[in-house]
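Data first, discussion second: the structure below is written as structure tokens.
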Amino acid sequence: MTASNISTLRVDLGDRSYDIKVGSGLIERAGELMAPVLARPRVVIITDDNVAPLYLDALTKSLNAAHVQTDAITVPAGEQTKSFAQLESLSEKLLELKVERTTTLVALGGGVIGDLVGFTASVTLRGIPFIQVPTTLLAQVDSSVGGKTGINTRFGKNLVGAFYQPKLVLADTEVLNTLDRRQLLAGYAEVLKYGFIDDPDFFEWLEINGKPLLGGDIGLRREAVLSSCGAKARVVAEDEFEKGKRALLNLGHTFGHALEAESGYGGGLLHGEAVAIGTAMAFDLSHKLGLCDGQDFGRAVAHMKSVGLPTDFSTLNAKDWTVDALMNHMSRDKKVEGGTMTFIMVKGIGKSFITQDIREDDLRQLLARWLS
Ligand code: GLY
């Protein structure tokens with residue numbers, strides 16, 4: 001593979017700018033690709049026990065071939081790993097390895113690994129560099145880019161964390177071949193998000209190309225990752241700390257996080273699945289409030305359904321859930337300001353907006369209908 005097979009996007013953040021490299025076979029070339037951004041040729045790779053058997057050897061070999069010294073730490077796979085307990089154990093293992101401020105952490109895995117490793121990097125020795133090597137579609141198109149890092153607490157998802165940018169993102173599209181369909185679909189929900197937010201042409205492209213992309217078309221996958229990362233890089237460059245426009249990337253997430261919290265973080269509901277259901281809820285509420293016409297609402301849900309994404313509560317174990325419990329989760333959202341919840345609503349596909357003007361009654365009615 002030649003360097004020209006690699007597409008490079010830049011996240012423009014002044015002295016914290018970095019590249020996102022997208023292409024096939026990047027893990028095997030990680031040594032040469034990472035070397036220019038390492039302060040010293042020493043890294044600690046952190047991965048999980050699902051990903052380690054697949055890619056840890058290849059990544060280690062490539063780094064060693066580029067004369068980079070490596071250590072590796074493997075943590076359990078799954079959302080429960082984004083915890084205070086793992087943060088403590090991981091940072092202590094790093095201190096045991098005598099990491100220095102010039103040692104770089106490499107997050108090899110999906111969103112859980114990226115978020116945990118990024119946050120650990122932000123607090124260990126008051127901040128050491130890290131690189132993202134995302135191995136799920138969801139992590140490649142969303143969570144590895146933009147510097148949101150963190151862990152879950154019993155009060156909800158991602159409520160403890162930091163904005164802390166990586167030095168490089170290596171999105172190797174070849175790894176998507178080993179993802180099971182459910183994981184791939186969960187990532188596709190975040191790809192769709194970019195169309196729903198402000199890019200109706202991209203949504204239309206996905207209506208045509210979504211199925212072959214999910215079916216394994218490598219070229220289409222690469223295009224989708226590139227378009228998604230390009231959109232994300234632009235938003236992050238404009239609003240790194242989510243004072244405004246970046247909140248649009250949370251379309252479907254306020255509902256989705258409540259569903260995840262109520263499901264427990266045991267793998268019953270994947271983040272992307274929760275986002276798909278949450279997006280259907282956001283379209284439904286927008287439609288009920290007369291903001292979005294029925295045609296766009298129907299089109300959005302129809303496409304998600306047609307590829308196999310969940311768009312209602314039928315796959316959830318929700319029979320004992322209550323409106324109050326879901327409202328309680330949503331009231332802990334990071335976008336709550338002065339007690340008022342912020343929502344991302346839509347005026348149609350590609351026409352999202354931020355609002356604090358959603359009445360509690362309307363929300364409660366929506367939740368009651370979805371629960372019934
Ligand atoms: N995943 C949403 C964001 O990075 O802002």
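Letters A, B, ... go to the chains of the structure tokens in the order shown; residues in each chain start at 1; ligands are counted from 1 in the same order.
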Find the residues of stretch 104-218 of chain A that sit at most 8 Å from stretch 246-250 of chain A; for each, write down the nearest two atoms and how far apart they are in Å, to one decimal. Count only C-alpha atoms. Sort by chain, then by number going up, and give it as a Markdown table.
```
| residue | atom | partner | partner_atom | distance |
| --- | --- | --- | --- | --- |
| A:Lys193 | CA | A:Leu249 | CA | 7.3 |
| A:Tyr194 | CA | A:Leu249 | CA | 7.7 |
| A:Ile197 | CA | A:Leu248 | CA | 6.6 |
```
Resulting file, chosen residues, N, CA and C atoms, as a PDB file, in the first residue's frame:
```pdb
ATOM      1  N   LYS A 193     -26.219  10.390  11.478  1.00  0.00           N
ATOM      2  CA  LYS A 193     -26.387  11.633  12.236  1.00  0.00           C
ATOM      3  C   LYS A 193     -25.895  12.842  11.440  1.00  0.00           C
ATOM      4  N   TYR A 194     -24.770  12.692  10.739  1.00  0.00           N
ATOM      5  CA  TYR A 194     -24.230  13.842   9.993  1.00  0.00           C
ATOM      6  C   TYR A 194     -25.193  14.276   8.880  1.00  0.00           C
ATOM      7  N   ILE A 197     -28.201  16.039  10.674  1.00  0.00           N
ATOM      8  CA  ILE A 197     -27.900  17.341  11.282  1.00  0.00           C
ATOM      9  C   ILE A 197     -27.963  18.473  10.253  1.00  0.00           C
TER      10      ILE A 197
END
```
Grab me every residue within 12 Å of ligand 1, counting only C-alpha atoms and all ligand atoms, and send it over as a tab-separated table (two decimals) with all heavy atoms, in the first residue's frame.
```tsv
chain	number	residue	atom	x	y	z
A	111	GLY	N	-15.14	2.92	21.14
A	111	GLY	CA	-15.39	4.15	21.89
A	111	GLY	C	-15.07	4.03	23.37
A	111	GLY	O	-14.60	5.00	23.99
A	114	GLY	N	-11.28	4.37	23.67
A	114	GLY	CA	-10.87	5.74	23.33
A	114	GLY	C	-11.21	6.72	24.44
A	114	GLY	O	-10.39	7.56	24.83
A	115	ASP	N	-12.43	6.60	24.98
A	115	ASP	CA	-12.88	7.54	26.02
A	115	ASP	C	-12.09	7.34	27.32
A	115	ASP	O	-11.68	8.30	27.97
A	115	ASP	CB	-14.37	7.34	26.32
A	115	ASP	CG	-15.26	7.90	25.22
A	115	ASP	OD1	-14.73	8.29	24.17
A	115	ASP	OD2	-16.49	7.92	25.41
A	138	LEU	N	-18.25	3.13	14.86
A	138	LEU	CA	-18.69	4.24	15.72
A	138	LEU	C	-17.51	5.10	16.18
A	138	LEU	O	-17.54	6.33	16.13
A	138	LEU	CB	-19.46	3.69	16.93
A	138	LEU	CG	-20.11	4.77	17.80
A	138	LEU	CD1	-21.53	4.35	18.19
A	138	LEU	CD2	-19.29	5.07	19.03
A	139	ALA	N	-16.45	4.44	16.58
A	139	ALA	CA	-15.28	5.20	17.05
A	139	ALA	C	-14.61	5.91	15.89
A	139	ALA	O	-14.12	7.04	16.05
A	139	ALA	CB	-14.30	4.26	17.75
A	140	GLN	N	-14.59	5.30	14.71
A	140	GLN	CA	-13.92	5.95	13.57
A	140	GLN	C	-14.65	7.20	13.11
A	140	GLN	O	-14.04	8.16	12.69
A	140	GLN	CB	-13.80	4.96	12.39
A	140	GLN	CG	-12.86	3.80	12.70
A	140	GLN	CD	-12.45	2.99	11.49
A	140	GLN	OE1	-13.00	3.16	10.41
A	140	GLN	NE2	-11.49	2.11	11.68
A	141	VAL	N	-16.00	7.18	13.17
A	141	VAL	CA	-16.74	8.31	12.61
A	141	VAL	C	-17.12	9.35	13.66
A	141	VAL	O	-17.61	10.41	13.31
A	141	VAL	CB	-18.02	7.86	11.87
A	141	VAL	CG1	-17.66	6.94	10.71
A	141	VAL	CG2	-19.02	7.19	12.80
A	142	ASP	N	-16.93	9.02	14.94
A	142	ASP	CA	-17.40	9.98	15.94
A	142	ASP	C	-16.46	10.09	17.14
A	142	ASP	O	-15.73	11.07	17.30
A	142	ASP	CB	-18.82	9.62	16.39
A	142	ASP	CG	-19.42	10.66	17.33
A	142	ASP	OD1	-18.99	11.82	17.29
A	142	ASP	OD2	-20.32	10.31	18.11
A	143	SER	N	-16.44	9.04	17.98
A	143	SER	CA	-15.86	9.24	19.31
A	143	SER	C	-14.34	9.45	19.32
A	143	SER	O	-13.81	10.06	20.25
A	143	SER	CB	-16.24	8.10	20.25
A	143	SER	OG	-15.75	6.87	19.77
A	144	SER	N	-13.62	8.97	18.28
A	144	SER	CA	-12.16	9.13	18.32
A	144	SER	C	-11.73	10.55	17.92
A	144	SER	O	-10.58	10.94	18.14
A	144	SER	CB	-11.48	8.12	17.39
A	144	SER	OG	-11.79	8.41	16.05
A	145	VAL	N	-12.65	11.30	17.34
A	145	VAL	CA	-12.33	12.64	16.84
A	145	VAL	C	-12.98	13.69	17.74
A	145	VAL	O	-14.16	13.57	18.07
A	145	VAL	CB	-12.85	12.82	15.39
A	145	VAL	CG1	-12.62	14.24	14.88
A	145	VAL	CG2	-12.21	11.80	14.46
A	146	GLY	N	-12.23	14.68	18.16
A	146	GLY	CA	-12.86	15.81	18.84
A	146	GLY	C	-12.56	15.96	20.31
A	146	GLY	O	-12.93	16.95	20.92
A	147	GLY	N	-11.90	14.94	20.90
A	147	GLY	CA	-11.36	15.14	22.23
A	147	GLY	C	-12.33	15.01	23.39
A	147	GLY	O	-12.00	15.38	24.51
A	148	LYS	N	-13.53	14.46	23.15
A	148	LYS	CA	-14.39	14.20	24.31
A	148	LYS	C	-13.94	12.88	24.91
A	148	LYS	O	-13.95	11.84	24.26
A	148	LYS	CB	-15.86	14.09	23.88
A	148	LYS	CG	-16.54	15.42	23.73
A	148	LYS	CD	-18.04	15.23	23.60
A	148	LYS	CE	-18.74	16.55	23.40
A	148	LYS	NZ	-20.18	16.36	23.09
A	149	THR	N	-13.53	12.93	26.17
A	149	THR	CA	-13.07	11.72	26.84
A	149	THR	C	-13.82	11.60	28.15
A	149	THR	O	-14.35	12.59	28.66
A	149	THR	CB	-11.56	11.80	27.16
A	149	THR	OG1	-11.37	12.75	28.21
A	149	THR	CG2	-10.74	12.22	25.94
A	150	GLY	N	-13.88	10.42	28.73
A	150	GLY	CA	-14.57	10.33	30.01
A	150	GLY	C	-14.98	8.93	30.40
A	150	GLY	O	-14.72	7.96	29.67
A	158	ASN	N	-20.79	9.30	30.71
A	158	ASN	CA	-19.82	10.36	30.34
A	158	ASN	C	-19.92	11.60	31.24
A	158	ASN	O	-19.61	12.71	30.79
A	158	ASN	CB	-20.04	10.82	28.89
A	158	ASN	CG	-19.86	9.70	27.89
A	158	ASN	OD1	-19.15	8.73	28.16
A	158	ASN	ND2	-20.50	9.81	26.75
A	162	ALA	N	-13.10	14.89	30.33
A	162	ALA	CA	-12.38	16.12	29.96
A	162	ALA	C	-12.39	16.27	28.45
A	162	ALA	O	-12.50	15.28	27.73
A	162	ALA	CB	-10.93	16.01	30.44
A	163	PHE	N	-12.30	17.51	27.99
A	163	PHE	CA	-11.99	17.74	26.58
A	163	PHE	C	-10.47	17.63	26.48
A	163	PHE	O	-9.74	18.41	27.11
A	163	PHE	CB	-12.41	19.15	26.15
A	163	PHE	CG	-13.90	19.32	26.01
A	163	PHE	CD1	-14.66	19.91	27.01
A	163	PHE	CD2	-14.53	18.92	24.84
A	163	PHE	CE1	-16.03	20.07	26.86
A	163	PHE	CE2	-15.92	19.08	24.69
A	163	PHE	CZ	-16.66	19.66	25.70
A	164	TYR	N	-10.01	16.64	25.76
A	164	TYR	CA	-8.56	16.42	25.69
A	164	TYR	C	-8.27	15.79	24.32
A	164	TYR	O	-8.68	14.66	24.04
A	164	TYR	CB	-8.13	15.49	26.83
A	164	TYR	CG	-6.63	15.42	27.03
A	164	TYR	CD1	-5.91	16.53	27.47
A	164	TYR	CD2	-5.93	14.24	26.79
A	164	TYR	CE1	-4.53	16.46	27.65
A	164	TYR	CE2	-4.56	14.17	26.98
A	164	TYR	CZ	-3.87	15.29	27.40
A	164	TYR	OH	-2.51	15.22	27.59
A	165	GLN	N	-7.60	16.56	23.47
A	165	GLN	CA	-7.45	16.15	22.07
A	165	GLN	C	-6.31	15.14	21.89
A	165	GLN	O	-5.26	15.28	22.52
A	165	GLN	CB	-7.17	17.37	21.19
A	165	GLN	CG	-8.25	18.45	21.22
A	165	GLN	CD	-9.58	17.99	20.62
A	165	GLN	OE1	-9.64	17.02	19.87
A	165	GLN	NE2	-10.65	18.70	20.96
A	187	GLY	N	-22.57	1.78	14.67
A	187	GLY	CA	-21.74	2.88	14.16
A	187	GLY	C	-22.44	3.64	13.04
A	187	GLY	O	-22.31	4.86	12.91
A	189	ALA	N	-25.46	4.36	12.84
A	189	ALA	CA	-26.38	5.36	13.40
A	189	ALA	C	-25.68	6.71	13.54
A	189	ALA	O	-26.27	7.78	13.31
A	189	ALA	CB	-26.90	4.89	14.76
A	190	GLU	N	-24.38	6.69	13.88
A	190	GLU	CA	-23.64	7.96	14.03
A	190	GLU	C	-23.25	8.53	12.66
A	190	GLU	O	-23.10	9.74	12.51
A	190	GLU	CB	-22.40	7.76	14.91
A	190	GLU	CG	-22.67	7.31	16.35
A	190	GLU	CD	-23.09	8.45	17.29
A	190	GLU	OE1	-23.47	9.53	16.82
A	190	GLU	OE2	-23.06	8.21	18.52
A	191	VAL	N	-23.09	7.66	11.67
A	191	VAL	CA	-22.84	8.15	10.30
A	191	VAL	C	-24.08	8.92	9.82
A	191	VAL	O	-23.99	10.04	9.31
A	191	VAL	CB	-22.53	6.98	9.33
A	191	VAL	CG1	-22.40	7.49	7.89
A	191	VAL	CG2	-21.26	6.23	9.75
A	193	LYS	N	-26.22	10.39	11.48
A	193	LYS	CA	-26.39	11.63	12.24
A	193	LYS	C	-25.89	12.84	11.44
A	193	LYS	O	-26.54	13.89	11.44
A	193	LYS	CB	-25.60	11.49	13.54
A	193	LYS	CG	-25.70	12.61	14.51
A	193	LYS	CD	-24.91	12.30	15.77
A	193	LYS	CE	-23.41	12.49	15.56
A	193	LYS	NZ	-22.64	12.29	16.81
A	194	TYR	N	-24.77	12.69	10.74
A	194	TYR	CA	-24.23	13.84	9.99
A	194	TYR	C	-25.19	14.28	8.88
A	194	TYR	O	-25.29	15.45	8.57
A	194	TYR	CB	-22.85	13.51	9.42
A	194	TYR	CG	-21.83	13.24	10.51
A	194	TYR	CD1	-21.40	11.96	10.81
A	194	TYR	CD2	-21.34	14.29	11.30
A	194	TYR	CE1	-20.50	11.70	11.84
A	194	TYR	CE2	-20.45	14.04	12.33
A	194	TYR	CZ	-20.03	12.75	12.59
A	194	TYR	OH	-19.15	12.51	13.61
A	197	ILE	N	-28.20	16.04	10.67
A	197	ILE	CA	-27.90	17.34	11.28
A	197	ILE	C	-27.96	18.47	10.25
A	197	ILE	O	-28.72	19.42	10.41
A	197	ILE	CB	-26.51	17.32	11.95
A	197	ILE	CG1	-26.56	16.48	13.20
A	197	ILE	CG2	-26.04	18.73	12.32
A	197	ILE	CD1	-25.19	16.22	13.78
A	228	SER	N	-17.86	11.54	7.26
A	228	SER	CA	-18.24	11.74	8.67
A	228	SER	C	-17.13	12.46	9.43
A	228	SER	O	-17.39	13.42	10.17
A	228	SER	CB	-18.52	10.39	9.33
A	228	SER	OG	-19.52	9.70	8.62
A	229	CYS	N	-15.89	12.01	9.24
A	229	CYS	CA	-14.77	12.65	9.95
A	229	CYS	C	-14.60	14.10	9.48
A	229	CYS	O	-14.26	14.98	10.28
A	229	CYS	CB	-13.46	11.88	9.73
A	229	CYS	SG	-13.40	10.34	10.65
A	231	ALA	N	-16.98	16.10	8.47
A	231	ALA	CA	-18.04	16.88	9.11
A	231	ALA	C	-17.69	17.12	10.58
A	231	ALA	O	-17.81	18.23	11.10
A	231	ALA	CB	-19.38	16.15	9.00
A	232	LYS	N	-17.22	16.07	11.23
A	232	LYS	CA	-16.91	16.20	12.66
A	232	LYS	C	-15.75	17.18	12.87
A	232	LYS	O	-15.78	18.02	13.77
A	232	LYS	CB	-16.56	14.83	13.25
A	232	LYS	CG	-16.15	14.87	14.70
A	232	LYS	CD	-17.19	14.35	15.62
A	232	LYS	CE	-16.88	14.64	17.07
A	232	LYS	NZ	-17.11	13.53	17.95
A	233	ALA	N	-14.72	17.05	12.02
A	233	ALA	CA	-13.55	17.94	12.16
A	233	ALA	C	-13.96	19.41	12.02
A	233	ALA	O	-13.47	20.27	12.75
A	233	ALA	CB	-12.50	17.57	11.11
A	234	ARG	N	-14.87	19.69	11.09
A	234	ARG	CA	-15.31	21.08	10.89
A	234	ARG	C	-16.04	21.60	12.12
A	234	ARG	O	-15.80	22.71	12.59
A	234	ARG	CB	-16.22	21.17	9.65
A	234	ARG	CG	-15.46	21.17	8.33
A	234	ARG	CD	-16.36	21.52	7.15
A	234	ARG	NE	-17.40	20.54	6.92
A	234	ARG	CZ	-17.23	19.40	6.24
A	234	ARG	NH1	-16.05	19.11	5.70
A	234	ARG	NH2	-18.23	18.55	6.07
A	235	VAL	N	-16.94	20.79	12.66
A	235	VAL	CA	-17.71	21.24	13.82
A	235	VAL	C	-16.79	21.45	15.03
A	235	VAL	O	-16.90	22.46	15.74
A	235	VAL	CB	-18.82	20.21	14.18
A	235	VAL	CG1	-19.52	20.59	15.47
A	235	VAL	CG2	-19.82	20.09	13.06
A	236	VAL	N	-15.87	20.50	15.23
A	236	VAL	CA	-14.98	20.60	16.40
A	236	VAL	C	-14.07	21.83	16.28
A	236	VAL	O	-13.84	22.55	17.26
A	236	VAL	CB	-14.16	19.29	16.57
A	236	VAL	CG1	-13.05	19.45	17.59
A	236	VAL	CG2	-15.09	18.14	16.95
A	237	ALA	N	-13.59	22.09	15.06
A	237	ALA	CA	-12.71	23.25	14.86
A	237	ALA	C	-13.47	24.55	15.18
A	237	ALA	O	-12.90	25.51	15.69
A	237	ALA	CB	-12.20	23.28	13.42
A	238	GLU	N	-14.77	24.54	14.91
A	238	GLU	CA	-15.58	25.75	15.13
A	238	GLU	C	-15.97	25.90	16.60
A	238	GLU	O	-16.10	27.02	17.11
A	238	GLU	CB	-16.87	25.60	14.31
A	238	GLU	CG	-17.37	26.87	13.69
A	238	GLU	CD	-18.62	26.60	12.87
A	238	GLU	OE1	-18.48	26.00	11.78
A	238	GLU	OE2	-19.70	26.97	13.34
A	239	ASP	N	-16.17	24.78	17.29
A	239	ASP	CA	-16.76	24.84	18.63
A	239	ASP	C	-16.24	23.68	19.49
A	239	ASP	O	-17.00	22.80	19.89
A	239	ASP	CB	-18.30	24.77	18.50
A	239	ASP	CG	-19.00	24.82	19.84
A	239	ASP	OD1	-18.41	25.34	20.82
A	239	ASP	OD2	-20.14	24.32	19.92
A	240	GLU	N	-14.94	23.73	19.77
A	240	GLU	CA	-14.29	22.62	20.48
A	240	GLU	C	-15.00	22.27	21.80
A	240	GLU	O	-15.17	21.10	22.14
A	240	GLU	CB	-12.82	22.98	20.75
A	240	GLU	CG	-12.07	21.88	21.46
A	240	GLU	CD	-10.61	22.23	21.72
A	240	GLU	OE1	-10.20	23.39	21.47
A	240	GLU	OE2	-9.88	21.34	22.21
A	241	PHE	N	-15.39	23.29	22.56
A	241	PHE	CA	-15.88	23.05	23.92
A	241	PHE	C	-17.41	23.05	24.02
A	241	PHE	O	-17.97	23.24	25.10
A	241	PHE	CB	-15.24	24.06	24.89
A	241	PHE	CG	-13.74	23.93	24.93
A	241	PHE	CD1	-12.93	24.92	24.41
A	241	PHE	CD2	-13.15	22.79	25.45
A	241	PHE	CE1	-11.54	24.78	24.42
A	241	PHE	CE2	-11.76	22.64	25.47
A	241	PHE	CZ	-10.95	23.64	24.95
A	242	GLU	N	-18.06	22.86	22.89
A	242	GLU	CA	-19.51	22.72	22.86
A	242	GLU	C	-20.25	23.88	23.52
A	242	GLU	O	-21.12	23.70	24.37
A	242	GLU	CB	-19.92	21.38	23.51
A	242	GLU	CG	-21.31	20.93	23.09
A	242	GLU	CD	-21.63	19.51	23.55
A	242	GLU	OE1	-21.02	18.57	23.01
A	242	GLU	OE2	-22.48	19.36	24.42
A	243	LYS	N	-19.86	25.08	23.10
A	243	LYS	CA	-20.58	26.26	23.59
A	243	LYS	C	-21.80	26.52	22.69
A	243	LYS	O	-22.67	27.31	23.02
A	243	LYS	CB	-19.69	27.51	23.53
A	243	LYS	CG	-18.40	27.36	24.30
A	243	LYS	CD	-18.60	27.71	25.76
A	243	LYS	CE	-17.30	27.71	26.50
A	243	LYS	NZ	-17.36	26.93	27.73
A	244	GLY	N	-21.80	25.93	21.51
A	244	GLY	CA	-22.88	26.19	20.55
A	244	GLY	C	-23.08	25.01	19.62
A	244	GLY	O	-23.54	23.96	20.03
A	245	LYS	N	-22.60	25.19	18.37
A	245	LYS	CA	-22.94	24.28	17.28
A	245	LYS	C	-22.61	22.80	17.56
A	245	LYS	O	-23.30	21.90	17.07
A	245	LYS	CB	-22.17	24.75	16.04
A	245	LYS	CG	-22.56	24.03	14.80
A	245	LYS	CD	-21.91	24.55	13.56
A	245	LYS	CE	-22.38	23.64	12.42
A	245	LYS	NZ	-21.75	23.94	11.17
A	246	ARG	N	-21.54	22.55	18.32
A	246	ARG	CA	-21.16	21.15	18.55
A	246	ARG	C	-22.30	20.35	19.20
A	246	ARG	O	-22.40	19.13	19.01
A	246	ARG	CB	-19.89	21.07	19.41
A	246	ARG	CG	-19.41	19.64	19.60
A	246	ARG	CD	-18.00	19.55	20.13
A	246	ARG	NE	-17.62	18.16	20.27
A	246	ARG	CZ	-16.40	17.74	20.55
A	246	ARG	NH1	-15.43	18.61	20.72
A	246	ARG	NH2	-16.14	16.46	20.65
A	247	ALA	N	-23.16	21.04	19.94
A	247	ALA	CA	-24.27	20.34	20.60
A	247	ALA	C	-25.17	19.63	19.57
A	247	ALA	O	-25.85	18.65	19.91
A	247	ALA	CB	-25.10	21.32	21.43
A	248	LEU	N	-25.15	20.10	18.32
A	248	LEU	CA	-25.97	19.43	17.29
A	248	LEU	C	-25.58	17.97	17.13
A	248	LEU	O	-26.40	17.13	16.75
A	248	LEU	CB	-25.83	20.14	15.93
A	248	LEU	CG	-26.39	21.56	15.83
A	248	LEU	CD1	-26.06	22.16	14.46
A	248	LEU	CD2	-27.91	21.56	16.06
A	249	LEU	N	-24.29	17.67	17.43
A	249	LEU	CA	-23.82	16.29	17.30
A	249	LEU	C	-24.49	15.38	18.32
A	249	LEU	O	-24.30	14.17	18.31
A	249	LEU	CB	-22.29	16.21	17.48
A	249	LEU	CG	-21.44	16.92	16.43
A	249	LEU	CD1	-19.97	16.86	16.81
A	249	LEU	CD2	-21.64	16.29	15.06
A	250	ASN	N	-25.25	15.98	19.23
A	250	ASN	CA	-25.95	15.18	20.23
A	250	ASN	C	-27.37	14.85	19.81
A	250	ASN	O	-28.18	14.43	20.64
A	250	ASN	CB	-25.97	15.92	21.58
A	250	ASN	CG	-24.57	16.06	22.13
A	250	ASN	OD1	-23.80	15.12	22.11
A	250	ASN	ND2	-24.24	17.26	22.59
A	251	LEU	N	-27.68	15.03	18.53
A	251	LEU	CA	-29.01	14.65	18.07
A	251	LEU	C	-29.31	13.20	18.51
A	251	LEU	O	-28.51	12.30	18.25
A	251	LEU	CB	-29.08	14.75	16.52
A	251	LEU	CG	-30.38	14.24	15.89
A	251	LEU	CD1	-31.57	15.10	16.30
A	251	LEU	CD2	-30.28	14.20	14.37
A	252	GLY	N	-30.43	13.02	19.16
A	252	GLY	CA	-30.83	11.67	19.60
A	252	GLY	C	-30.12	11.20	20.85
A	252	GLY	O	-30.46	10.15	21.40
A	253	HIS	N	-29.14	11.97	21.34
A	253	HIS	CA	-28.32	11.47	22.45
A	253	HIS	C	-28.95	11.69	23.83
A	253	HIS	O	-28.70	10.92	24.74
A	253	HIS	CB	-26.93	12.12	22.43
A	253	HIS	CG	-26.01	11.53	21.38
A	253	HIS	ND1	-26.33	11.51	20.04
A	253	HIS	CD2	-24.81	10.91	21.49
A	253	HIS	CE1	-25.34	10.92	19.37
A	253	HIS	NE2	-24.41	10.55	20.22
A	254	THR	N	-29.73	12.77	23.99
A	254	THR	CA	-30.32	12.99	25.32
A	254	THR	C	-31.30	11.86	25.62
A	254	THR	O	-31.28	11.26	26.70
A	254	THR	CB	-31.02	14.37	25.37
A	254	THR	OG1	-30.04	15.35	25.03
A	254	THR	CG2	-31.57	14.67	26.76
A	257	HIS	N	-29.09	8.49	25.81
A	257	HIS	CA	-28.36	8.27	27.07
A	257	HIS	C	-29.31	7.80	28.18
A	257	HIS	O	-28.93	6.98	29.02
A	257	HIS	CB	-27.64	9.55	27.50
A	257	HIS	CG	-26.39	9.83	26.72
A	257	HIS	ND1	-25.72	11.03	26.77
A	257	HIS	CD2	-25.68	9.06	25.86
A	257	HIS	CE1	-24.65	10.97	25.97
A	257	HIS	NE2	-24.62	9.79	25.41
A	271	HIS	N	-24.49	1.84	22.37
A	271	HIS	CA	-24.66	3.29	22.29
A	271	HIS	C	-25.33	3.70	20.96
A	271	HIS	O	-26.29	4.47	20.94
A	271	HIS	CB	-23.31	3.98	22.45
A	271	HIS	CG	-23.37	5.46	22.26
A	271	HIS	ND1	-24.09	6.28	23.10
A	271	HIS	CD2	-22.83	6.26	21.31
A	271	HIS	CE1	-23.98	7.54	22.67
A	271	HIS	NE2	-23.23	7.55	21.59
A	272	GLY	N	-24.84	3.14	19.86
A	272	GLY	CA	-25.39	3.52	18.55
A	272	GLY	C	-26.84	3.11	18.40
A	272	GLY	O	-27.63	3.80	17.75
A	275	VAL	N	-28.78	5.64	20.20
A	275	VAL	CA	-28.82	6.88	19.40
A	275	VAL	C	-29.87	6.76	18.29
A	275	VAL	O	-30.60	7.71	17.99
A	275	VAL	CB	-27.42	7.19	18.83
A	275	VAL	CG1	-27.48	8.27	17.76
A	275	VAL	CG2	-26.48	7.63	19.95
A	334	LYS	N	-25.53	16.60	30.34
A	334	LYS	CA	-24.51	17.67	30.47
A	334	LYS	C	-24.99	18.99	29.86
A	334	LYS	O	-24.41	20.03	30.13
A	334	LYS	CB	-23.20	17.23	29.80
A	334	LYS	CG	-22.49	16.10	30.54
A	334	LYS	CD	-21.17	15.75	29.91
A	334	LYS	CE	-21.31	15.11	28.55
A	334	LYS	NZ	-22.22	13.96	28.46
A	335	LYS	N	-26.01	18.93	29.03
A	335	LYS	CA	-26.46	20.17	28.39
A	335	LYS	C	-27.54	20.89	29.20
A	335	LYS	O	-28.08	21.89	28.74
A	335	LYS	CB	-27.00	19.86	26.98
A	335	LYS	CG	-25.93	19.31	26.04
A	335	LYS	CD	-26.44	19.03	24.65
A	335	LYS	CE	-27.51	17.98	24.59
A	335	LYS	NZ	-27.19	16.69	25.19
```
**Request:** Determine, counting only C-alpha atoms, which protein, DNA and RNA residues have an atom within 12 Å of an atom of stretch 37-42 of chain A; residues of the same chain fewer than 4 positions away are not included. Present the result as a ChimeraX atom specification.
**Result:** /A:16-19,30-33,60,63-72,97-106,128-131,166-169
**Request:** Excluding stretch 347-352 of chain A and any residue of its chain fewer than 3 positions from it, enumerate the residues within 12 Å of it, using only C-alpha atoms, and give them as an NGL selection string.
**Result:** :A and (192-204 or 245-252 or 279-280 or 282-301 or 303 or 343-344 or 355)
**Item:** Expected answer as a ChimeraX atom specification: helix (DSSP H, G or I) residues in stretch 245-364 of chain A
**Value:** /A:245-250,253-263,271-288,294-307,323-330,360-364
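In this model, the gap between atom CA of A:Glu79 and atom CA of A:Met330 comes to 19.2 Å.
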**Request:** Skip A:Arg332 itself and residues of its chain fewer than 3 positions away, then list as a PyMOL selection string all residues within 12 Å of it, counting only C-alpha atoms.
**Result:** chain A and resi 153-160+254-255+257-258+261+325-329+335-342
**Request:** Using only C-alpha atoms, find the one residue out of A:Asp333, A:Asp324, A:Asp217, A:Glu207 that sits nearest to A:Asp361.
**Result:**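 Of the candidates, the smallest distance to A:Asp361 is held by A:Asp324.
Contact shell of A:Ile218 at 10 Å (only C-alpha atoms; same-chain neighbours under 3 positions omitted): Gly23, Ser24, Thr173, Glu174, Leu176, Asn177, Pro212, Leu213, Leu214, Gly215, Arg221, Arg222, Glu223 and Ala224 of chain A.
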**Message:** Quick check for you: according to DSSP on this backbone, which residues of stretch 173-349 of chain A are classed as strand (DSSP E or B)? Reply as a VMD selection string.
**Reply:** chain A and resid 337 340 343 to 346
